file query_30.csv (CSV, C-alpha atoms and all ligand atoms)
chain,number,residue,atom,x,y,z
A,1,MET,CA,-37.9,-10.4,-1.8
A,2,ASN,CA,-34.6,-12.4,-2.1
A,3,VAL,CA,-31.4,-11.3,-0.6
A,4,PHE,CA,-29.8,-10.4,-3.9
A,5,LEU,CA,-32.7,-8.1,-4.9
A,6,LYS,CA,-32.6,-6.3,-1.5
A,7,VAL,CA,-28.9,-5.7,-1.8
A,8,SER,CA,-29.3,-4.5,-5.4
A,9,ILE,CA,-31.9,-1.9,-4.4
A,10,VAL,CA,-29.8,-0.6,-1.5
A,11,VAL,CA,-26.8,-0.3,-3.8
A,12,SER,CA,-28.8,1.6,-6.5
A,13,VAL,CA,-30.2,4.0,-3.9
A,14,LEU,CA,-26.7,4.7,-2.5
A,15,VAL,CA,-25.2,5.2,-5.9
A,16,SER,CA,-28.0,7.6,-7.1
A,17,SER,CA,-27.8,9.7,-3.9
A,18,ALA,CA,-24.0,9.9,-4.1
A,19,ALA,CA,-24.2,10.9,-7.8
A,20,SER,CA,-26.8,13.7,-7.0
A,21,ALA,CA,-24.7,15.0,-4.1
A,22,SER,CA,-21.5,15.3,-6.3
A,23,SER,CA,-23.4,17.0,-9.1
A,24,ALA,CA,-24.9,19.7,-6.8
A,25,ARG,CA,-24.0,23.2,-8.2
A,26,ALA,CA,-20.9,24.7,-6.5
A,27,VAL,CA,-21.3,28.1,-5.0
A,28,SER,CA,-19.1,31.0,-6.4
A,29,LEU,CA,-17.2,32.8,-3.6
A,30,LEU,CA,-17.0,36.0,-5.7
A,31,THR,CA,-19.1,39.1,-5.1
A,32,ASN,CA,-21.2,40.2,-8.1
A,33,SER,CA,-19.8,37.4,-10.2
A,34,GLY,CA,-22.3,38.0,-13.0
A,35,PHE,CA,-22.5,41.8,-12.7
A,36,GLU,CA,-26.2,41.7,-11.9
A,37,THR,CA,-25.8,44.9,-9.8
A,38,GLY,CA,-25.5,46.6,-13.1
A,39,ASP,CA,-22.1,47.9,-12.2
A,40,LEU,CA,-18.6,46.8,-11.1
A,41,THR,CA,-19.5,46.5,-7.4
A,42,GLY,CA,-17.0,44.1,-5.7
A,43,TRP,CA,-14.5,44.3,-8.5
A,44,THR,CA,-11.3,46.2,-9.1
A,45,VAL,CA,-10.5,46.6,-12.8
A,46,ALA,CA,-6.9,47.6,-13.6
A,47,GLY,CA,-4.6,47.6,-16.7
A,48,ASN,CA,-3.8,49.9,-19.5
A,49,ILE,CA,-7.3,49.8,-21.1
A,50,VAL,CA,-9.2,52.5,-23.0
A,51,ASP,CA,-12.7,51.2,-22.3
A,52,PHE,CA,-14.5,48.8,-19.9
A,53,GLY,CA,-17.7,48.7,-18.0
A,54,VAL,CA,-21.0,46.9,-17.4
A,55,ASN,CA,-24.0,46.9,-19.8
A,56,ARG,CA,-27.2,45.2,-20.8
A,57,ASP,CA,-27.3,42.9,-23.7
A,58,GLY,CA,-27.0,44.6,-27.1
A,59,ALA,CA,-25.4,47.8,-25.9
A,60,ASP,CA,-23.1,49.4,-28.6
A,61,LEU,CA,-19.4,48.9,-27.8
A,62,SER,CA,-18.0,50.3,-31.1
A,63,ALA,CA,-16.7,53.6,-29.8
A,64,ASN,CA,-13.1,52.5,-29.2
A,65,THR,CA,-12.9,49.3,-31.3
A,66,PHE,CA,-11.1,48.8,-34.7
A,67,ASP,CA,-13.4,49.8,-37.6
A,68,SER,CA,-13.3,46.4,-39.3
A,69,PHE,CA,-14.7,44.8,-36.2
A,70,ASN,CA,-17.7,47.1,-35.9
A,71,PRO,CA,-20.4,47.2,-35.1
A,72,SER,CA,-19.5,45.5,-31.7
A,73,PHE,CA,-22.1,44.8,-29.0
A,74,GLN,CA,-22.4,43.7,-25.5
A,75,ASN,CA,-23.3,40.0,-25.1
A,76,VAL,CA,-24.8,38.6,-21.8
A,77,ARG,CA,-24.5,35.0,-20.8
A,78,SER,CA,-27.0,35.0,-17.8
A,79,GLY,CA,-29.2,37.5,-16.0
A,80,ASN,CA,-29.5,41.1,-17.4
A,81,PHE,CA,-25.9,42.3,-17.3
A,82,ALA,CA,-22.4,41.4,-18.2
A,83,ALA,CA,-19.0,43.3,-18.2
A,84,TYR,CA,-16.9,44.2,-21.2
A,85,ALA,CA,-13.4,45.3,-22.0
A,86,VAL,CA,-11.8,46.8,-25.1
A,87,VAL,CA,-8.4,45.2,-25.4
A,88,ARG,CA,-5.6,44.1,-27.8
A,89,THR,CA,-2.6,41.9,-27.6
A,90,ASN,CA,0.1,44.0,-29.3
A,91,PRO,CA,0.9,46.5,-27.8
A,92,ALA,CA,-0.6,44.7,-24.9
A,93,GLU,CA,-3.7,46.2,-23.3
A,94,ARG,CA,-5.1,43.9,-20.6
A,95,ALA,CA,-8.1,44.3,-18.5
A,96,ILE,CA,-7.5,42.7,-15.1
A,97,PHE,CA,-10.6,42.0,-13.1
A,98,SER,CA,-9.6,41.4,-9.4
A,99,GLN,CA,-11.2,40.4,-6.1
A,100,ALA,CA,-9.9,39.3,-2.7
A,101,VAL,CA,-11.6,36.0,-1.8
A,102,THR,CA,-12.0,34.3,1.6
A,103,VAL,CA,-10.9,30.6,1.2
A,104,GLN,CA,-10.4,27.5,3.3
A,105,PRO,CA,-6.9,26.2,3.8
A,106,ASP,CA,-5.7,23.1,1.8
A,107,THR,CA,-8.6,23.2,-0.6
A,108,THR,CA,-8.7,23.0,-4.4
A,109,TYR,CA,-10.7,25.7,-6.2
A,110,SER,CA,-11.9,26.1,-9.8
A,111,LEU,CA,-11.4,29.6,-11.2
A,112,GLY,CA,-12.7,30.9,-14.5
A,113,TYR,CA,-14.8,33.2,-16.5
A,114,TRP,CA,-17.0,33.1,-19.6
A,115,LEU,CA,-15.8,35.1,-22.7
A,116,SER,CA,-17.6,36.2,-25.8
A,117,ALA,CA,-17.4,38.8,-28.6
A,118,ASP,CA,-20.4,40.0,-30.5
A,119,SER,CA,-18.9,41.8,-33.5
A,120,ARG,CA,-18.5,41.7,-37.3
A,121,THR,CA,-15.4,39.5,-37.2
A,122,GLY,CA,-15.9,35.8,-37.7
A,123,ALA,CA,-13.7,34.4,-35.0
A,124,TYR,CA,-11.0,35.3,-32.4
A,125,GLY,CA,-8.0,33.3,-31.5
A,126,LEU,CA,-6.8,32.5,-27.9
A,127,PHE,CA,-4.0,30.6,-26.4
A,128,ASN,CA,-0.9,31.0,-28.7
A,129,ASN,CA,-2.9,32.4,-31.6
A,130,PHE,CA,-3.2,36.0,-30.7
A,131,GLY,CA,-2.9,36.1,-27.0
A,132,ASN,CA,-3.1,34.1,-23.8
A,133,PRO,CA,-5.7,35.0,-21.2
A,134,THR,CA,-4.4,34.3,-17.8
A,135,ILE,CA,-5.6,33.8,-14.3
A,136,SER,CA,-3.3,34.5,-11.4
A,137,VAL,CA,-3.5,34.0,-7.6
A,138,ASN,CA,-1.5,36.3,-5.3
A,139,GLY,CA,0.4,37.5,-8.4
A,140,SER,CA,1.4,34.0,-9.7
A,141,ASP,CA,-0.1,32.7,-12.9
A,142,ILE,CA,-2.0,29.4,-12.8
A,143,GLU,CA,-2.5,27.3,-15.9
A,144,ALA,CA,-5.7,28.5,-17.6
A,145,THR,CA,-7.2,26.5,-20.4
A,146,GLY,CA,-10.0,27.0,-23.0
A,147,PRO,CA,-10.8,26.7,-26.7
A,148,SER,CA,-8.0,27.9,-29.0
A,149,GLN,CA,-10.5,30.1,-30.9
A,150,PHE,CA,-14.1,31.0,-30.7
A,151,ASP,CA,-16.7,32.4,-33.1
A,152,THR,CA,-18.3,35.7,-32.6
A,153,GLY,CA,-22.0,35.8,-31.8
A,154,ALA,CA,-24.9,37.5,-29.9
A,155,SER,CA,-26.2,34.4,-28.1
A,156,PRO,CA,-25.5,33.3,-24.5
A,157,SER,CA,-24.4,30.0,-26.0
A,158,ASP,CA,-21.6,31.9,-27.8
A,159,PHE,CA,-19.6,32.3,-24.6
A,160,ILE,CA,-16.6,30.0,-24.0
A,161,PHE,CA,-15.1,29.1,-20.6
A,162,VAL,CA,-11.6,29.9,-19.6
A,163,SER,CA,-10.5,28.3,-16.4
A,164,GLY,CA,-7.8,26.9,-14.1
A,165,GLU,CA,-7.4,25.4,-10.7
A,166,TYR,CA,-5.7,26.6,-7.5
A,167,THR,CA,-5.0,24.7,-4.2
A,168,THR,CA,-4.6,26.8,-1.1
A,169,SER,CA,-1.8,26.1,1.3
A,170,GLN,CA,-2.3,24.8,4.9
A,171,GLU,CA,-2.5,28.3,6.3
A,172,GLU,CA,-4.2,30.3,3.5
A,173,THR,CA,-7.5,31.9,4.4
A,174,SER,CA,-7.6,34.8,1.8
A,175,VAL,CA,-6.2,35.2,-1.7
A,176,LEU,CA,-6.2,37.9,-4.4
A,177,VAL,CA,-7.3,36.6,-7.8
A,178,ASP,CA,-6.7,38.4,-11.1
A,179,TYR,CA,-8.5,37.4,-14.2
A,180,SER,CA,-6.7,39.0,-17.2
A,181,ILE,CA,-8.7,39.5,-20.5
A,182,ILE,CA,-6.6,39.9,-23.7
A,183,GLY,CA,-7.2,39.3,-27.4
A,184,SER,CA,-7.6,40.3,-31.0
A,185,GLY,CA,-4.0,40.8,-32.1
A,186,THR,CA,-2.9,44.4,-32.9
A,187,ALA,CA,-6.4,45.9,-33.2
A,188,ARG,CA,-8.7,46.8,-30.3
A,189,ALA,CA,-11.8,44.6,-30.0
A,190,ALA,CA,-14.6,44.5,-27.4
A,191,PHE,CA,-15.0,41.3,-25.4
A,192,SER,CA,-17.9,40.4,-23.1
A,193,VAL,CA,-17.2,38.6,-19.8
A,194,ASP,CA,-19.8,37.1,-17.5
A,195,ASP,CA,-20.3,34.6,-14.7
A,196,PHE,CA,-16.8,34.6,-13.2
A,197,THR,CA,-16.2,31.5,-11.0
A,198,PHE,CA,-14.2,30.8,-7.8
A,199,GLU,CA,-15.6,27.6,-6.3
A,200,ALA,CA,-14.4,24.6,-4.4
A,201,VAL,CA,-13.9,21.5,-6.5
A,202,PRO,CA,-16.2,18.8,-5.0
A,203,GLU,CA,-14.2,16.2,-3.1
A,204,SER,CA,-16.9,13.6,-2.9
A,205,SER,CA,-16.4,12.3,-6.4
A,206,PHE,CA,-18.3,9.2,-7.6
A,207,MET,CA,-15.1,7.1,-7.4
A,208,MET,CA,-14.7,7.9,-3.7
A,209,THR,CA,-18.2,6.6,-2.9
A,210,ILE,CA,-17.5,3.1,-4.4
A,211,PRO,CA,-15.5,1.7,-1.3
A,212,PHE,CA,-18.3,3.1,0.9
A,213,VAL,CA,-21.0,1.4,-1.2
A,214,PHE,CA,-19.2,-2.0,-1.2
A,215,GLY,CA,-18.7,-1.7,2.6
A,216,MET,CA,-22.4,-1.2,3.0
A,217,VAL,CA,-23.1,-4.2,0.8
A,218,LEU,CA,-20.8,-6.5,2.9
A,219,ILE,CA,-22.5,-5.4,6.1
A,220,LEU,CA,-26.0,-5.9,4.6
A,221,ARG,CA,-25.1,-9.4,3.3
A,222,ARG,CA,-23.9,-10.4,6.7
A,223,LYS,CA,-27.1,-9.2,8.4
A,224,LEU,CA,-29.4,-10.7,5.7
A,225,ASN,CA,-27.5,-14.1,5.9
B,1,CA,CA,-24.7,38.4,-15.9
call {"tool": "encode", "arguments": {"input": "query_30.csv", "output": "structure tokens", "more": "lines below"}}
Ligand SMILES: [Ca+2]
result
Amino acid sequence: MNVFLKVSIVVSVLVSSAASASSARAVSLLTNSGFETGDLTGWTVAGNIVDFGVNRDGADLSANTFDSFNPSFQNVRSGNFAAYAVVRTNPAERAIFSQAVTVQPDTTYSLGYWLSADSRTGAYGLFNNFGNPTISVNGSDIEATGPSQFDTGASPSDFIFVSGEYTTSQEETSVLVDYSIIGSGTARAAFSVDDFTFEAVPESSFMMTIPFVFGMVLILRRKLN
């Protein structure tokens, strides 16, 4: 085996192991993030809302929603359960799902939730159409992004992701996170929410492994020469 081939093999092994390390699934720091206890264990839900809770897929949510939207049902993205909230934008009725989270200082986290609506309406608007869902940490809003609108549907693939990022201070070891659900303009609609996230953004990106790989190549070349 020539020197070039040996170096190539070492590089490809290092690159593939680095790539698999950075793609490892991050762990959510939330309790009951997907509502698989079948209830709101771990969560505080506040806001001027008429109806919220946890259900299995397909449960009828039409009791407090606008007639034109009905029938409205619970949608579940993963597992057996998801939460729902009946809300509107004007007058504002927000459902605020909150948890205290233990964090590491000086660390960047990804915060988000999956949102869906299984009802008769074709689509709902978000972000400057009918309402802006927000995520806040210790009472201050962070910038949340997601699709500007989404289609209604009964499938797990009909959920859209609303998310933002937060970097803790040098001293921060605990934060209070509020995920606010809002939507549908002036009429009450039922929204399903599942798989809330609060997880560290991986630091070891592929780009950061490149200097390490080239350093190893230089060392190997010297040894092999
Ligand atoms: Ca779930």
call {"tool": "closest_residue", "arguments": {"input": "query_30.csv", "among": "A:Ala117, A:Leu111, A:Ala82, A:Val162", "to": "ligand CA 1 (chain B)", "atoms": "all atoms listed in the file"}}
result
A:Ala82
call {"tool": "residues_near_ligand", "arguments": {"input": "query_30.csv", "ligand": "ligand CA 1 (chain B)", "cutoff": "8 Å", "atoms": "all atoms listed in the file", "output": "VMD selection string"}}
result
chain A and resid 33 to 36 76 to 83 194 to 195
call {"tool": "residues_near_point", "arguments": {"input": "query_30.csv", "point": "(-5.7, 40.6, -3.0)", "cutoff": "12 Å", "atoms": "only C-alpha atoms", "output": "VMD selection string"}}
result
chain A and resid 43 to 44 97 to 102 136 to 140 173 to 179
call {"tool": "atom_distance", "arguments": {"input": "query_30.csv", "atom1": "CA of Phe66 (chain A)", "atom2": "CA of Ala92 (chain A)"}}
result
14.9 Å
call {"tool": "atom_distance", "arguments": {"input": "query_30.csv", "atom1": "CA of Asp118 (chain A)", "atom2": "CA of Asn90 (chain A)"}}
result
20.9 Å
call {"tool": "closest_residue", "arguments": {"input": "query_30.csv", "among": "A:Ile142, A:Ile135, A:Ala95, A:Ile160", "to": "Asp51 (chain A)", "atoms": "all atoms listed in the file"}}
result
A:Ala95
call {"tool": "closest_residue", "arguments": {"input": "query_30.csv", "among": "A:Val87, A:Val27, A:Ala189, A:Leu40", "to": "Ala123 (chain A)", "atoms": "all atoms listed in the file"}}
result
A:Ala189
call {"tool": "atom_distance", "arguments": {"input": "query_30.csv", "atom1": "CA of Ile181 (chain A)", "atom2": "CA of Glu143 (chain A)"}}
result
14.4 Å
call {"tool": "closest_residue", "arguments": {"input": "query_30.csv", "among": "A:Ala190, A:Ser180, A:Tyr84, A:Asp106", "to": "Ser62 (chain A)", "atoms": "only C-alpha atoms"}}
result
A:Ala190
call {"tool": "closest_residue", "arguments": {"input": "query_30.csv", "among": "A:Leu30, A:Thr152, A:Pro202, A:Ala46", "to": "Arg94 (chain A)", "atoms": "all atoms listed in the file"}}
result
A:Ala46
call {"tool": "residues_around", "arguments": {"input": "query_30.csv", "residues": "Thr89 (chain A)", "least_positions_apart": "5", "cutoff": "6 Å", "atoms": "all atoms listed in the file", "output": "list in words"}}
result
Gly131, Ile182, Gly183, Gly185 and Thr186 of chain A
call {"tool": "closest_residue", "arguments": {"input": "query_30.csv", "among": "A:Ser68, A:Ser163, A:Thr37, A:Thr107", "to": "Arg120 (chain A)", "atoms": "all atoms listed in the file"}}
result
A:Ser68
call {"tool": "axis_aligned_box", "arguments": {"input": "query_30.csv", "around": "region 69-73 of chain A", "padding_each_side": "8 Å", "output": "AutoDock Vina command-line options"}}
result
--center_x -18.4 --center_y 46.0 --center_z -32.6 --size_x 23.4 --size_y 18.4 --size_z 23.2
call {"tool": "decode", "arguments": {"input": "query_30.csv", "residues": "region 75-127 of chain A", "atoms": "C-alpha atoms", "output": "short mmCIF file (atom, residue, chain, number, x, y, z; two decimals), in the first residue's frame"}}
result
data_model
loop_
_atom_site.label_atom_id
_atom_site.label_comp_id
_atom_site.auth_asym_id
_atom_site.auth_seq_id
_atom_site.Cartn_x
_atom_site.Cartn_y
_atom_site.Cartn_z
CA ASN A 75 -53.18 15.19 15.53
CA VAL A 76 -50.16 13.31 16.98
CA ARG A 77 -46.66 13.59 15.54
CA SER A 78 -44.95 10.79 17.51
CA GLY A 79 -45.90 8.26 20.14
CA ASN A 80 -49.52 7.92 21.29
CA PHE A 81 -50.32 11.41 22.57
CA ALA A 82 -49.99 15.12 21.79
CA ALA A 83 -51.27 18.32 23.40
CA TYR A 84 -53.76 20.76 21.92
CA ALA A 85 -54.89 24.33 22.48
CA VAL A 86 -57.96 26.19 21.20
CA VAL A 87 -56.75 29.75 20.49
CA ARG A 88 -57.29 32.81 18.31
CA THR A 89 -55.32 35.94 17.47
CA ASN A 90 -57.85 38.74 17.88
CA PRO A 91 -58.86 39.17 20.64
CA ALA A 92 -55.61 37.43 21.60
CA GLU A 93 -55.96 34.07 23.30
CA ARG A 94 -52.58 32.46 23.75
CA ALA A 95 -51.72 29.09 25.22
CA ILE A 96 -48.36 29.37 26.98
CA PHE A 97 -46.62 26.04 27.65
CA SER A 98 -43.85 26.59 30.26
CA GLN A 99 -41.08 24.65 31.97
CA ALA A 100 -38.04 25.44 34.12
CA VAL A 101 -34.98 23.88 32.46
CA THR A 102 -31.56 23.12 33.96
CA VAL A 103 -28.89 24.41 31.56
CA GLN A 104 -25.12 24.72 31.19
CA PRO A 105 -23.62 28.24 31.25
CA ASP A 106 -22.37 29.78 28.00
CA THR A 107 -24.11 27.22 25.79
CA THR A 108 -26.36 27.66 22.72
CA TYR A 109 -29.65 25.77 22.73
CA SER A 110 -32.27 25.09 20.06
CA LEU A 111 -35.85 25.61 21.32
CA GLY A 112 -38.95 24.70 19.39
CA TYR A 113 -42.17 22.75 18.96
CA TRP A 114 -44.11 20.96 16.24
CA LEU A 115 -47.49 22.48 15.30
CA SER A 116 -50.41 21.09 13.31
CA ALA A 117 -54.15 21.50 12.79
CA ASP A 118 -56.48 18.72 11.73
CA SER A 119 -59.67 20.56 10.75
CA ARG A 120 -61.88 21.41 7.79
CA THR A 121 -60.02 24.62 6.92
CA GLY A 122 -57.44 24.35 4.12
CA ALA A 123 -54.56 26.25 5.67
CA TYR A 124 -53.55 28.50 8.56
CA GLY A 125 -51.20 31.47 8.40
CA LEU A 126 -48.36 32.18 10.80
CA PHE A 127 -45.77 34.93 11.13
#
